[in-house]
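*Asks:* Contents of structure_14.txt (compact mmCIF, C-alpha atoms and all ligand atoms) are below:
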# COMPACT_ATOMS: atom_id res chain seq x y z
CA MET K 1 80.39 124.22 95.61
CA ILE K 2 83.73 123.35 94.12
CA THR K 3 84.71 124.92 90.83
CA VAL K 4 87.58 123.79 88.60
CA THR K 5 88.94 126.29 86.07
CA ARG K 6 91.53 125.10 83.57
CA ILE K 7 94.34 127.64 83.15
CA GLY K 8 97.09 126.16 80.96
CA LYS K 9 96.66 124.55 77.55
CA HIS K 10 97.67 121.04 78.62
CA LEU K 11 97.84 121.27 82.42
CA GLY K 12 97.07 123.52 85.38
CA ALA K 13 93.70 124.33 86.94
CA GLU K 14 92.44 126.46 89.79
CA ILE K 15 90.10 124.85 92.29
CA SER K 16 87.90 127.27 94.18
CA GLY K 17 85.18 126.93 96.76
CA VAL K 18 87.18 124.78 99.18
CA ASP K 19 88.67 125.72 102.56
CA LEU K 20 91.25 123.08 103.36
CA SER K 21 91.44 124.12 107.00
CA LYS K 22 87.91 122.74 107.47
CA PRO K 23 87.00 119.05 107.60
CA LEU K 24 86.80 117.71 104.06
CA ASP K 25 84.07 115.19 103.26
CA ASN K 26 84.84 112.24 101.01
CA ASN K 27 82.74 113.55 98.16
CA THR K 28 84.62 116.87 98.02
CA PHE K 29 87.94 115.08 98.36
CA THR K 30 87.04 112.78 95.46
CA GLN K 31 86.24 115.83 93.29
CA ILE K 32 89.58 117.43 94.20
CA ALA K 33 91.47 114.22 93.45
CA LYS K 34 89.71 113.86 90.09
CA ALA K 35 90.47 117.48 89.17
CA PHE K 36 94.06 116.87 90.19
CA PHE K 37 94.63 113.75 88.09
CA ASP K 38 92.77 115.28 85.11
CA ASN K 39 94.75 118.53 85.18
CA GLU K 40 98.17 117.33 86.47
CA VAL K 41 98.68 120.61 88.39
CA VAL K 42 95.98 122.21 90.54
CA PHE K 43 96.04 125.06 93.03
CA LEU K 44 93.77 126.59 95.65
CA ARG K 45 94.23 130.26 96.56
CA ASN K 46 93.79 132.00 99.92
CA GLN K 47 94.29 128.95 102.13
CA LYS K 48 95.22 129.36 105.80
CA LEU K 49 96.79 126.10 106.84
CA THR K 50 98.64 124.98 109.90
CA GLU K 51 101.46 122.50 109.34
CA ALA K 52 99.22 119.75 110.73
CA GLN K 53 96.39 120.62 108.30
CA HIS K 54 98.79 120.67 105.34
CA VAL K 55 100.09 117.24 106.38
CA ALA K 56 96.59 115.86 107.00
CA PHE K 57 95.28 116.93 103.56
CA SER K 58 98.40 115.53 101.87
CA ARG K 59 98.01 112.22 103.72
CA ARG K 60 94.71 111.60 101.96
CA PHE K 61 96.70 111.02 98.76
CA GLY K 62 99.02 108.45 100.37
CA GLU K 63 102.00 107.93 102.68
CA LEU K 64 104.28 110.95 103.06
CA GLU K 65 108.04 111.02 102.60
CA ALA K 66 110.47 112.65 104.98
CA HIS K 67 113.16 114.22 102.79
CA VAL K 68 116.62 112.63 102.78
CA ARG K 69 118.12 116.06 103.61
CA LYS K 70 117.24 116.17 107.31
CA GLU K 71 118.49 119.74 107.74
CA SER K 72 115.74 121.04 105.48
CA ARG K 73 112.85 119.47 107.37
CA LYS K 74 110.51 121.62 109.43
CA PRO K 75 111.32 120.98 113.11
CA GLY K 76 108.48 118.97 114.66
CA PHE K 77 107.08 118.08 111.20
CA PRO K 78 109.43 115.61 109.50
CA GLU K 79 107.00 115.30 106.56
CA ILE K 80 107.40 119.00 105.75
CA LEU K 81 110.32 120.07 103.59
CA VAL K 82 111.04 123.78 103.95
CA VAL K 83 111.85 125.41 100.61
CA SER K 84 113.22 128.87 101.31
CA ASN K 85 116.01 131.40 100.91
CA VAL K 86 115.54 132.55 104.53
CA LEU K 87 118.39 132.26 107.07
CA ASP K 88 117.96 131.80 110.80
CA GLU K 89 119.57 133.93 113.51
CA HIS K 90 122.85 132.00 113.08
CA ASP K 91 122.79 132.61 109.31
CA LYS K 92 121.90 128.99 108.73
CA PRO K 93 119.39 128.23 105.95
CA VAL K 94 115.96 127.30 107.33
CA GLY K 95 115.34 124.98 104.39
CA SER K 96 116.40 123.90 100.94
CA GLN K 97 117.69 126.93 99.05
CA ASP K 98 118.25 125.30 95.69
CA ALA K 99 115.16 123.13 95.13
CA GLY K 100 114.26 123.05 91.47
CA ARG K 101 117.37 124.51 89.85
CA PHE K 102 116.93 122.02 86.98
CA TRP K 103 113.80 120.52 85.40
CA HIS K 104 112.86 117.47 87.47
CA SER K 105 110.11 115.54 89.20
CA ASP K 106 110.44 114.99 92.93
CA LEU K 107 112.21 111.85 94.15
CA SER K 108 112.31 110.38 90.62
CA TYR K 109 115.56 108.68 91.72
CA LYS K 110 113.77 106.52 94.27
CA LYS K 111 112.46 102.98 93.82
CA GLU K 112 109.07 104.28 94.83
CA PRO K 113 109.14 107.75 93.29
CA SER K 114 106.73 110.40 94.48
CA LEU K 115 103.11 110.38 93.34
CA CYS K 116 102.63 114.09 93.97
CA SER K 117 103.92 117.05 95.96
CA LEU K 118 101.93 119.79 97.68
CA LEU K 119 103.63 123.16 98.02
CA TYR K 120 102.14 125.80 100.29
CA ALA K 121 103.27 129.40 99.86
CA ILE K 122 103.80 131.39 103.07
CA GLU K 123 106.02 134.24 101.90
CA VAL K 124 106.45 135.26 98.27
CA PRO K 125 109.08 137.80 97.15
CA VAL K 126 107.61 140.89 95.49
CA LYS K 127 109.56 143.63 93.76
CA ASP K 128 107.94 146.79 92.39
CA GLY K 129 104.54 145.14 92.66
CA THR K 130 105.60 142.00 90.75
CA ALA K 131 105.78 138.61 92.41
CA LEU K 132 109.06 136.78 91.82
CA GLY K 133 110.08 133.15 92.20
CA ASP K 134 107.53 131.62 89.80
CA THR K 135 107.53 127.88 89.30
CA GLN K 136 107.17 126.33 85.85
CA PHE K 137 105.45 122.98 85.23
CA ALA K 138 105.69 120.89 82.06
CA SER K 139 103.29 118.11 81.06
CA THR K 140 105.17 115.01 79.94
CA THR K 141 101.93 113.39 78.72
CA ALA K 142 101.36 116.28 76.30
CA ALA K 143 105.03 116.08 75.31
CA TYR K 144 104.78 112.32 74.73
CA GLU K 145 101.60 112.62 72.69
CA ALA K 146 103.24 115.25 70.46
CA LEU K 147 106.14 112.96 69.50
CA PRO K 148 106.25 111.54 65.98
CA ASP K 149 105.16 107.89 65.79
CA GLU K 150 108.68 106.69 64.86
CA MET K 151 110.05 108.26 68.03
CA LYS K 152 107.29 106.71 70.16
CA GLN K 153 108.18 103.37 68.57
CA ARG K 154 111.87 103.86 69.26
CA LEU K 155 111.30 104.69 72.92
CA ARG K 156 109.14 101.64 73.56
CA GLY K 157 110.83 99.39 76.11
CA MET K 158 113.73 101.81 76.53
CA LYS K 159 115.00 102.44 80.06
CA ASN K 160 116.86 105.29 81.72
CA VAL K 161 118.83 105.57 84.92
CA HIS K 162 117.83 108.12 87.57
CA SER K 163 120.59 108.93 90.02
CA TYR K 164 120.73 111.09 93.14
CA VAL K 165 124.53 111.14 92.94
CA TYR K 166 124.36 112.38 89.34
CA TYR K 167 122.00 115.13 90.50
CA ARG K 168 124.24 116.11 93.42
CA ASN K 169 127.28 116.36 91.14
CA LYS K 170 125.35 118.40 88.61
CA ASN K 171 124.21 120.75 91.35
CA ARG K 172 127.77 121.09 92.62
CA GLN K 173 129.02 121.94 89.15
CA ALA K 174 126.30 124.59 88.83
CA GLN K 175 127.37 126.03 92.18
CA LYS K 176 130.99 126.24 91.05
CA GLU K 177 129.96 128.01 87.88
CA ALA K 178 127.76 130.42 89.84
CA ALA K 179 130.66 131.16 92.21
CA ALA K 180 132.97 131.81 89.26
CA ARG K 181 130.44 134.30 87.86
CA GLY K 182 130.11 135.95 91.26
CA GLY K 183 126.49 134.71 91.35
CA ARG K 184 124.27 133.23 94.03
CA VAL K 185 125.85 130.32 95.91
CA VAL K 186 123.96 128.34 98.51
CA THR K 187 125.01 126.21 101.44
CA GLU K 188 125.32 122.58 100.50
CA TYR K 189 124.52 119.68 102.70
CA GLU K 190 126.60 116.57 102.38
CA LEU K 191 124.75 113.30 102.69
CA SER K 192 126.28 110.67 104.95
CA GLU K 193 127.33 107.30 103.49
CA GLU K 194 124.23 105.81 105.04
CA GLN K 195 121.95 108.45 103.49
CA LEU K 196 123.60 107.91 100.10
CA LYS K 197 123.01 104.17 100.41
CA SER K 198 119.31 104.89 100.88
CA VAL K 199 119.16 106.40 97.38
CA PRO K 200 120.86 103.97 94.96
CA ASP K 201 120.46 104.51 91.20
CA VAL K 202 117.28 103.13 89.64
CA GLU K 203 116.55 101.97 86.08
CA VAL K 204 113.07 102.95 84.90
CA PRO K 205 111.13 103.14 81.62
CA VAL K 206 111.61 106.22 79.42
CA VAL K 207 107.87 106.07 78.72
CA ARG K 208 106.02 105.60 81.97
CA THR K 209 102.38 104.65 82.37
CA HIS K 210 100.61 106.69 85.03
CA PRO K 211 99.63 104.45 87.98
CA VAL K 212 96.22 106.12 88.36
CA THR K 213 95.15 107.48 84.96
CA GLY K 214 96.99 105.01 82.71
CA ARG K 215 98.23 107.88 80.53
CA LYS K 216 101.71 107.66 79.04
CA GLY K 217 104.31 110.28 79.84
CA LEU K 218 108.05 110.75 79.40
CA PHE K 219 109.93 109.85 82.57
CA VAL K 220 113.30 111.37 81.74
CA ASN K 221 114.53 114.57 83.33
CA GLU K 222 117.58 116.79 83.11
CA ALA K 223 118.24 116.80 86.85
CA HIS K 224 118.16 113.09 87.64
CA THR K 225 118.63 111.06 84.43
CA SER K 226 122.29 110.10 84.17
CA HIS K 227 121.92 108.06 80.96
CA VAL K 228 119.73 105.94 78.74
CA ALA K 229 120.43 102.26 79.39
CA GLY K 230 121.75 99.90 76.72
CA VAL K 231 122.95 102.45 74.15
CA SER K 232 126.29 104.20 73.53
CA LYS K 233 127.11 107.34 75.48
CA GLU K 234 126.79 109.40 72.29
CA GLU K 235 123.35 108.04 71.54
CA SER K 236 122.28 108.48 75.15
CA ASP K 237 123.50 112.09 75.21
CA ARG K 238 121.75 112.88 71.92
CA LEU K 239 118.48 111.29 72.93
CA LEU K 240 118.46 112.94 76.37
CA ALA K 241 119.20 116.35 74.91
CA PHE K 242 116.35 115.89 72.43
CA LEU K 243 113.81 114.64 75.00
CA CYS K 244 114.69 117.16 77.72
CA ARG K 245 114.33 120.04 75.26
CA HIS K 246 111.17 118.59 73.76
CA ILE K 247 109.41 118.29 77.13
CA VAL K 248 109.92 121.92 78.14
CA GLN K 249 108.63 123.64 75.02
CA PRO K 250 106.38 126.58 75.90
CA GLU K 251 103.15 124.87 74.75
CA PHE K 252 103.59 122.10 77.34
CA ILE K 253 104.21 124.52 80.23
CA TYR K 254 102.06 126.13 82.91
CA ARG K 255 103.89 128.87 84.83
CA HIS K 256 102.60 129.61 88.31
CA THR K 257 102.97 133.05 89.87
CA TRP K 258 102.66 132.55 93.61
CA ARG K 259 100.59 134.40 96.17
CA PRO K 260 100.84 133.77 99.91
CA GLY K 261 98.14 131.23 100.80
CA ASP K 262 98.45 129.22 97.57
CA LEU K 263 98.39 125.47 98.02
CA LEU K 264 99.50 123.97 94.73
CA MET K 265 99.98 120.31 93.94
CA TRP K 266 101.61 118.62 90.97
CA ASP K 267 101.69 115.11 89.65
CA ASN K 268 105.27 113.81 89.84
CA CYS K 269 104.47 110.86 87.55
CA VAL K 270 103.78 113.04 84.51
CA VAL K 271 104.85 116.60 85.34
CA GLN K 272 108.29 118.17 85.62
CA HIS K 273 108.94 121.48 87.34
CA LYS K 274 111.61 124.12 87.66
CA ALA K 275 112.14 127.08 89.97
CA THR K 276 112.94 130.65 88.92
CA PHE K 277 115.74 132.19 90.98
CA ASP K 278 115.05 135.83 90.11
CA TYR K 279 114.98 137.12 93.73
CA ASP K 280 117.40 137.32 96.60
CA LEU K 281 117.46 138.46 100.22
CA PRO K 282 116.23 140.77 101.66
CA LEU K 283 113.28 139.55 99.53
CA ARG K 284 112.08 136.43 101.35
CA ARG K 285 110.52 133.29 99.95
CA LEU K 286 109.14 130.66 102.31
CA MET K 287 107.27 127.56 101.20
CA TYR K 288 106.40 124.24 102.81
CA ARG K 289 106.33 121.05 100.78
CA THR K 290 104.84 117.66 101.51
CA THR K 291 105.69 114.75 99.26
CA VAL K 292 103.39 111.77 98.73
CA ARG K 293 105.02 108.42 98.02
CA GLY K 294 103.95 106.62 94.88
CA PRO K 295 104.06 102.98 93.85
CA ALA K 296 107.22 101.35 92.47
CA ILE K 297 107.23 101.78 88.69
CA ALA K 298 105.66 98.76 87.01
C1 LIG E 301 110.10 121.69 95.07
C2 LIG E 301 110.64 122.53 94.00
C3 LIG E 301 110.51 124.76 93.09
C4 LIG E 301 110.15 126.11 93.58
O1 LIG E 301 109.66 122.24 96.09
O2 LIG E 301 110.06 120.47 94.90
O3 LIG E 301 111.24 122.05 93.08
O4 LIG E 301 109.88 126.98 92.73
N1 LIG E 301 110.36 123.83 94.13
O5 LIG E 301 110.15 126.31 94.81
MN MN E 302 110.94 119.78 93.16
Produce structure tokens that represent the structure in this file.
*Replies:*
Amino acid sequence: MITVTRIGKHLGAEISGVDLSKPLDNNTFTQIAKAFFDNEVVFLRNQKLTEAQHVAFSRRFGELEAHVRKESRKPGFPEILVVSNVLDEHDKPVGSQDAGRFWHSDLSYKKEPSLCSLLYAIEVPVKDGTALGDTQFASTTAAYEALPDEMKQRLRGMKNVHSYVYYRNKNRQAQKEAAARGGRVVTEYELSEEQLKSVPDVEVPVVRTHPVTGRKGLFVNEAHTSHVAGVSKEESDRLLAFLCRHIVQPEFIYRHTWRPGDLLMWDNCVVQHKATFDYDLPLRRLMYRTTVRGPAIA
């Protein structure tokens, strides 16, 4: 029997009674998918998944993406992005060390942005009995619904540009500032010209309609949105600052504290997320992510 327990006010639910390492019949899968789209973020505790099982479950939601940063892929499993602070025996990072520094949704800068991501926790840092490295999730449907009518009106038909290059430069700047403070600096991977060409800027609606549920959410994020199209830089800056702050107000957020064995998935169409870098080696954090491709934005 599958049970769905809502946790956050606007998003986030725990699904229990399912072992994802076992064959999953269509009826159970349909219930999971419904719980997922209704709740925007869902998680299952105490899962024991091989890479192949993680990939197979994810595939039921659609085609998987192999991340543009090849160095962060799990060897033998190109669809798995390793998200970790762990270094290998040559002191090379085993995965992406800086995923989620800013509020974002995954691959929002692609023509076919991600539908959802599934993150599986293998190692979670714990200090003095407290788990570190939480992830926060914000519902952009709840944020949109809470806007005053005049603002909803104003945003109608408005577009914004999502840019991988903008994101990379922003990340670089953050690294420089961290270095200047004597803070945590992570290895950066340069994308080749060819890789950069595979992620050109895209212009997409500020208010996006969910391809499955039809709900409206704000599709603007601080990591990837370079500007609002068709307005002055000042207006764009003002509007972005307003929207990005509005989306991440506490009432629209579910904060997940990880345990090893958690498989958590979020809806990239209407949820933004952000990592918490409150741990460092020797405390290890190791997660595997699969990323489901979504449709081009209509
Ligand atoms: C991601 C991501 C945040 C985290 O995997 O897409 O942003 O807390 N992760 O690991
Ligand atoms: Mn992410």
*Asks:* Here is a test: counting only C-alpha atoms, which residue of K:Phe29, K:Tyr167, K:Phe219, K:Tyr254 is nearest to Ala99 (chain K)?
*Replies:*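 With only C-alpha atoms as the atom set, the closest residue is K:Tyr167.
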*Asks:* Can you work out which residues are within 6 Å of ligand MN 302 (chain E), considering all atoms listed in the file, and then hand them over as a PyMOL selection string?
*Replies:* chain K and resi 99-100+105-106
*Asks:* For the residues in the current selection, export C-alpha atoms as a short mmCIF file (atom, residue, chain, number, x, y, z; two decimals), keeping the file's coordinate frame.
*Replies:*
data_model
loop_
_atom_site.label_atom_id
_atom_site.label_comp_id
_atom_site.auth_asym_id
_atom_site.auth_seq_id
_atom_site.Cartn_x
_atom_site.Cartn_y
_atom_site.Cartn_z
CA ALA K 99 115.16 123.13 95.13
CA GLY K 100 114.26 123.05 91.47
CA SER K 105 110.11 115.54 89.20
CA ASP K 106 110.44 114.99 92.93
#
*Asks:* For region 115-165 of chain K against region 60-69 of chain K, with a cut-off of 10 Å and counting all atoms listed in the file, what is the closest atom pair and its distance in Å to one decimal for every residue that makes the cut, ordered by chain and number, as CSV?
*Replies:*
residue,atom,partner,partner_atom,distance
K:Leu115,CA,K:Gly62,CA,8.4
K:Cys116,CA,K:Phe61,CA,8.2
K:Ser117,CA,K:Leu64,CA,9.4
*Asks:* Please give the centre and size of the box around region 19-27 of chain K (axis-aligned, containing every atom listed in the file, 6 Å added per side), with values in Å to one decimal and written as lines of an AutoDock Vina configuration file.
*Replies:*
center_x = 87.1
center_y = 119.0
center_z = 102.9
size_x = 20.7
size_y = 25.5
size_z = 21.4
*Asks:* List all protein, DNA and RNA residues that have at least one atom no more than 8 Å from any atom of ligand LIG 301 (chain E), counting all atoms listed in the file, and write them as a PDB file with C-alpha atoms, in the coordinates of the input.
*Replies:*
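Result written to selection00.pdb:
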ATOM      1  CA  LEU K  81     110.320 120.070 103.590  1.00  0.00           C
ATOM      2  CA  VAL K  83     111.850 125.410 100.610  1.00  0.00           C
ATOM      3  CA  SER K  84     113.220 128.870 101.310  1.00  0.00           C
ATOM      4  CA  ALA K  99     115.160 123.130  95.130  1.00  0.00           C
ATOM      5  CA  GLY K 100     114.260 123.050  91.470  1.00  0.00           C
ATOM      6  CA  ARG K 101     117.370 124.510  89.850  1.00  0.00           C
ATOM      7  CA  HIS K 104     112.860 117.470  87.470  1.00  0.00           C
ATOM      8  CA  SER K 105     110.110 115.540  89.200  1.00  0.00           C
ATOM      9  CA  ASP K 106     110.440 114.990  92.930  1.00  0.00           C
ATOM     10  CA  SER K 117     103.920 117.050  95.960  1.00  0.00           C
ATOM     11  CA  LEU K 119     103.630 123.160  98.020  1.00  0.00           C
ATOM     12  CA  GLY K 133     110.080 133.150  92.200  1.00  0.00           C
ATOM     13  CA  ASP K 134     107.530 131.620  89.800  1.00  0.00           C
ATOM     14  CA  THR K 135     107.530 127.880  89.300  1.00  0.00           C
ATOM     15  CA  GLN K 136     107.170 126.330  85.850  1.00  0.00           C
ATOM     16  CA  HIS K 273     108.940 121.480  87.340  1.00  0.00           C
ATOM     17  CA  LYS K 274     111.610 124.120  87.660  1.00  0.00           C
ATOM     18  CA  ALA K 275     112.140 127.080  89.970  1.00  0.00           C
ATOM     19  CA  THR K 276     112.940 130.650  88.920  1.00  0.00           C
ATOM     20  CA  MET K 287     107.270 127.560 101.200  1.00  0.00           C
ATOM     21  CA  TYR K 288     106.400 124.240 102.810  1.00  0.00           C
ATOM     22  CA  ARG K 289     106.330 121.050 100.780  1.00  0.00           C
TER      23      ARG K 289
END
*Asks:* For Asp38 (chain K), which residue among K:Asn160, K:Ser114, K:Asn171, K:Thr5 is the nearest when counting only C-alpha atoms?
*Replies:*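 Ranking K:Asn160, K:Ser114, K:Asn171, K:Thr5 by distance to Asp38 (chain K), first place goes to K:Thr5.
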*Asks:* Name the closest residue to His10 (chain K) among the candidates K:Pro205, K:Gly183, K:Pro295, K:Pro250; distances are taken between atoms, counting only C-alpha atoms.
*Replies:* K:Pro250
*Asks:* Show me, as JSON, numbers by chain, the residues that have an atom within 8 Å of Thr140 (chain K) when counting all atoms listed in the file, minus same-chain residues fewer than 6 positions from it.
*Replies:* {"K": [217, 218, 219, 247, 252, 270, 271, 272]}
*Asks:* Just the residues within 6 Å of region 279-286 of chain K, please, counting only C-alpha atoms, with nothing from its chain fewer than 5 positions along; format it as a PyMOL selection string.
*Replies:* chain K and resi 84-85+122-125
*Asks:* Quick one: residues within 8 Å of Ile297 (chain K), only C-alpha atoms, excluding same-chain residues fewer than 5 positions away - as a PyMOL selection string?
*Replies:* chain K and resi 111-113+204+208
*Asks:* Looking at only C-alpha atoms, which of K:Val228, K:Ile2, K:Ala298, K:Val206 is the one that sits closest to Gln153 (chain K)?
*Replies:*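 Ranking K:Val228, K:Ile2, K:Ala298, K:Val206 by distance to Gln153 (chain K), first place goes to K:Val206.
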*Asks:* Would you mind telling me which residue in K:Ala121, K:Val18, K:Ile7, K:Leu24 lies nearest to Leu264 (chain K) when using all atoms listed in the file?
*Replies:*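 The closest residue to Leu264 (chain K) is K:Ala121.
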